[in-house]
file data_22.cif (mmCIF, C-alpha atoms)
data_start
loop_
_atom_site.label_atom_id
_atom_site.label_comp_id
_atom_site.auth_asym_id
_atom_site.auth_seq_id
_atom_site.Cartn_x
_atom_site.Cartn_y
_atom_site.Cartn_z
CA MET A 1 0.00 0.00 0.00
CA THR A 2 1.36 3.42 -0.89
CA GLN A 3 1.74 6.19 1.67
CA LEU A 4 -1.24 8.08 0.16
CA ASP A 5 -3.40 4.95 0.37
CA GLU A 6 -2.42 4.60 4.02
CA ILE A 7 -3.34 8.23 4.69
CA ALA A 8 -6.68 7.80 2.92
CA GLY A 9 -7.41 4.62 4.83
CA ALA A 10 -6.45 6.09 8.18
CA ILE A 11 -8.54 9.23 7.68
CA LEU A 12 -11.48 8.44 5.42
CA PHE A 13 -12.21 4.93 6.58
CA SER A 14 -11.73 5.44 10.29
CA ASP A 15 -14.79 4.70 12.42
CA GLN A 16 -15.03 8.36 13.49
CA ASN A 17 -15.26 9.59 9.89
CA LYS A 18 -17.57 7.03 8.26
CA ALA A 19 -20.69 8.82 9.56
CA LEU A 20 -19.31 12.19 8.41
CA LEU A 21 -18.78 10.88 4.88
CA ALA A 22 -22.30 9.42 4.80
CA HIS A 23 -23.65 12.81 5.95
CA MET A 24 -21.61 14.54 3.25
CA LEU A 25 -23.17 12.28 0.60
CA GLU A 26 -26.68 12.95 1.91
CA GLN A 27 -26.01 16.72 1.84
CA ALA A 28 -24.92 16.50 -1.78
CA LEU A 29 -27.89 14.35 -2.81
CA ARG A 30 -30.42 16.79 -1.30
CA GLN A 31 -29.44 19.59 -3.67
CA PRO A 32 -29.73 20.07 -7.42
CA MET A 33 -27.08 18.18 -9.37
CA THR A 34 -25.91 18.58 -12.94
CA PRO A 35 -25.12 15.48 -15.04
CA MET A 36 -21.63 15.58 -16.57
CA GLU A 37 -19.31 13.36 -18.54
CA PRO A 38 -16.73 11.62 -16.28
CA ALA A 39 -13.61 13.46 -17.52
CA ALA A 40 -15.31 16.85 -17.43
CA ALA A 41 -16.68 16.22 -13.93
CA GLN A 42 -13.25 15.19 -12.66
CA LYS A 43 -11.45 18.19 -14.15
CA TYR A 44 -14.09 20.69 -13.00
CA MET A 45 -14.39 19.29 -9.47
CA GLU A 46 -10.63 19.11 -8.96
CA GLN A 47 -10.46 22.81 -9.89
CA VAL A 48 -13.24 23.51 -7.36
CA ALA A 49 -11.25 21.64 -4.69
CA VAL A 50 -8.14 23.73 -5.37
CA HIS A 51 -10.17 26.96 -5.10
CA VAL A 52 -11.80 25.86 -1.82
CA ALA A 53 -8.40 24.93 -0.39
CA LYS A 54 -6.98 28.30 -1.45
CA ASP A 55 -9.94 30.11 0.17
CA GLU A 56 -9.30 28.18 3.39
CA GLU A 57 -5.55 28.92 3.16
CA THR A 58 -4.62 25.26 3.00
CA THR A 59 -3.65 22.70 0.37
CA ILE A 60 -5.11 19.48 -0.98
CA ARG A 61 -3.50 16.46 0.66
CA LEU A 62 -5.02 14.00 -1.80
CA LEU A 63 -8.05 13.21 -3.92
CA GLN A 64 -9.73 9.89 -3.26
CA VAL A 65 -12.78 8.11 -4.64
CA VAL A 66 -14.87 6.39 -1.98
CA GLU A 67 -17.91 4.15 -2.27
CA LEU A 68 -20.84 5.32 -0.16
CA LYS A 69 -24.39 4.06 0.23
CA SER A 70 -27.58 5.97 0.71
CA SER A 71 -30.99 4.51 1.45
CA GLU A 72 -31.71 4.30 -2.29
CA SER A 73 -28.46 3.44 -4.03
CA ARG A 74 -24.67 3.12 -4.00
CA TYR A 75 -22.47 5.98 -5.13
CA LEU A 76 -18.83 6.75 -5.77
CA MET A 77 -17.85 10.19 -4.53
CA ARG A 78 -14.59 11.95 -5.25
CA VAL A 79 -13.37 13.48 -2.00
CA ALA A 80 -10.58 16.03 -1.57
CA LEU A 81 -8.71 15.75 1.72
CA MET A 82 -7.20 19.04 2.80
CA GLU A 83 -4.25 19.61 5.10
CA ASN A 84 -6.54 21.31 7.65
CA ASP A 85 -8.40 18.02 8.38
CA ARG A 86 -11.38 18.99 6.27
CA ALA A 87 -12.83 17.06 3.35
CA ILE A 88 -14.90 18.31 0.48
CA GLY A 89 -17.26 16.07 -1.46
CA LEU A 90 -16.90 16.60 -5.17
CA ASP A 91 -18.51 14.76 -8.09
CA ILE A 92 -20.73 11.73 -7.55
CA MET A 93 -21.27 8.67 -9.71
CA ASP A 94 -24.40 6.54 -9.40
CA VAL A 95 -22.98 3.00 -9.39
CA GLU A 96 -26.15 1.49 -10.89
CA ASN A 97 -26.23 3.55 -14.08
CA GLY A 98 -22.70 5.01 -14.27
CA GLN A 99 -23.94 8.62 -14.50
CA PHE A 100 -21.71 11.32 -13.02
CA PHE A 101 -23.24 14.33 -11.29
CA VAL A 102 -21.83 17.59 -9.99
CA PRO A 103 -23.61 19.05 -6.92
CA GLU A 104 -24.69 22.68 -6.89
CA SER A 105 -22.43 23.28 -3.90
CA CYS A 106 -19.87 20.89 -2.51
CA PRO A 107 -20.35 19.79 1.11
CA VAL A 108 -17.37 20.27 3.43
CA VAL A 109 -16.90 18.37 6.70
CA VAL A 110 -14.31 18.54 9.47
CA LEU A 111 -12.77 15.11 9.91
CA ALA A 112 -11.38 13.47 13.01
CA PRO A 113 -7.59 13.81 12.75
CA MET A 114 -5.49 10.85 11.71
CA THR A 115 -4.29 8.76 14.64
CA VAL A 116 -1.06 6.82 14.73
CA ASN A 117 -1.15 3.35 16.28
#
call {"tool": "encode", "arguments": {"input": "data_22.cif", "output": "structure tokens"}}
result
Amino acid sequence: MTQLDEIAGAILFSDQNKALLAHMLEQALRQPMTPMEPAAAQKYMEQVAVHVAKDEETTIRLLQVVELKSSESRYLMRVALMENDRAIGLDIMDVENGQFFVPESCPVVVLAPMTVN
């Protein structure tokens, strides 16, 4: 496992943060979303992440795609982890039909900091 995979696993998939990621998905799904082609969604949302990080005077630690479930379906959400222990949910793919969507505004959550065992 690479160092970035270890960071993603330690932060995103920790027990403390699973509920926060589920909440982030639900926030995104409750708002209007625009369908987009996969490459365009990725490029656009990565630019959004850089702008949000700049506004918060931090940097992007890594971008990670995570699988999340809602009461209706399964989704893949691109998440940007920032150096200030915040995450922003970016584009979303509906796993059942492969359609990518861009939310009207990207939800941001404060994550529990990474712990070292």
call {"tool": "atom_distance", "arguments": {"input": "data_22.cif", "atom1": "atom CA of Val110 of chain A", "atom2": "atom CA of Ala87 of chain A"}}
result
6.5 Å
call {"tool": "atom_distance", "arguments": {"input": "data_22.cif", "atom1": "atom CA of Lys54 of chain A", "atom2": "atom CA of Pro38 of chain A"}}
result
24.4 Å
call {"tool": "closest_residue", "arguments": {"input": "data_22.cif", "among": "A:Glu96, A:Asp85, A:Asp15, A:Asp91", "to": "Ala53 of chain A", "atoms": "only C-alpha atoms"}}
result
A:Asp85
call {"tool": "resolve_selection", "arguments": {"input": "data_22.cif", "expression": "the PyMOL selection byres ((chain A and resi 75) around 9)", "output": "list in words"}}
result
Leu25, Val66, Glu67, Leu68, Lys69, Ser70, Ser73, Arg74, Leu76, Met77, Ile92, Met93, Asp94, Val95 and Glu96 of chain A
call {"tool": "resolve_selection", "arguments": {"input": "data_22.cif", "expression": "the PyMOL selection byres ((chain A and resi 59-62) around 8)", "output": "list of chain:residue names"}}
result
A:Leu4, A:Ala8, A:Ala49, A:Val50, A:Ala53, A:Lys54, A:Glu57, A:Thr58, A:Leu63, A:Gln64, A:Ala80, A:Leu81, A:Met82, A:Glu83, A:Asn84
call {"tool": "resolve_selection", "arguments": {"input": "data_22.cif", "expression": "the PyMOL selection byres ((chain A and resi 36) around 8)", "output": "MDAnalysis selection string"}}
result
chainID A and resid 34:35 37:38 40:41 99:102
call {"tool": "atom_distance", "arguments": {"input": "data_22.cif", "atom1": "atom CA of Met24 of chain A", "atom2": "atom CA of Gln42 of chain A"}}
result
18.0 Å
call {"tool": "closest_residue", "arguments": {"input": "data_22.cif", "among": "A:Val52, A:Gly98, A:Ser71, A:Ala112", "to": "Leu29 of chain A", "atoms": "all atoms listed in the file"}}
result
A:Ser71
call {"tool": "residues_around", "arguments": {"input": "data_22.cif", "residues": "Cys106 of chain A", "least_positions_apart": "5", "cutoff": "7 Å", "atoms": "all atoms listed in the file", "output": "number ranges by chain"}}
result
A: 28, 88-90
call {"tool": "write_last_selection", "arguments": {"input": "data_22.cif", "atoms": "C-alpha atoms", "output": "PDB file, in the coordinates of the input"}}
result
ATOM      1  CA  ALA A  28     -24.920  16.500  -1.780  1.00  0.00           C
ATOM      2  CA  ILE A  88     -14.900  18.310   0.480  1.00  0.00           C
ATOM      3  CA  GLY A  89     -17.260  16.070  -1.460  1.00  0.00           C
ATOM      4  CA  LEU A  90     -16.900  16.600  -5.170  1.00  0.00           C
TER       5      LEU A  90
END
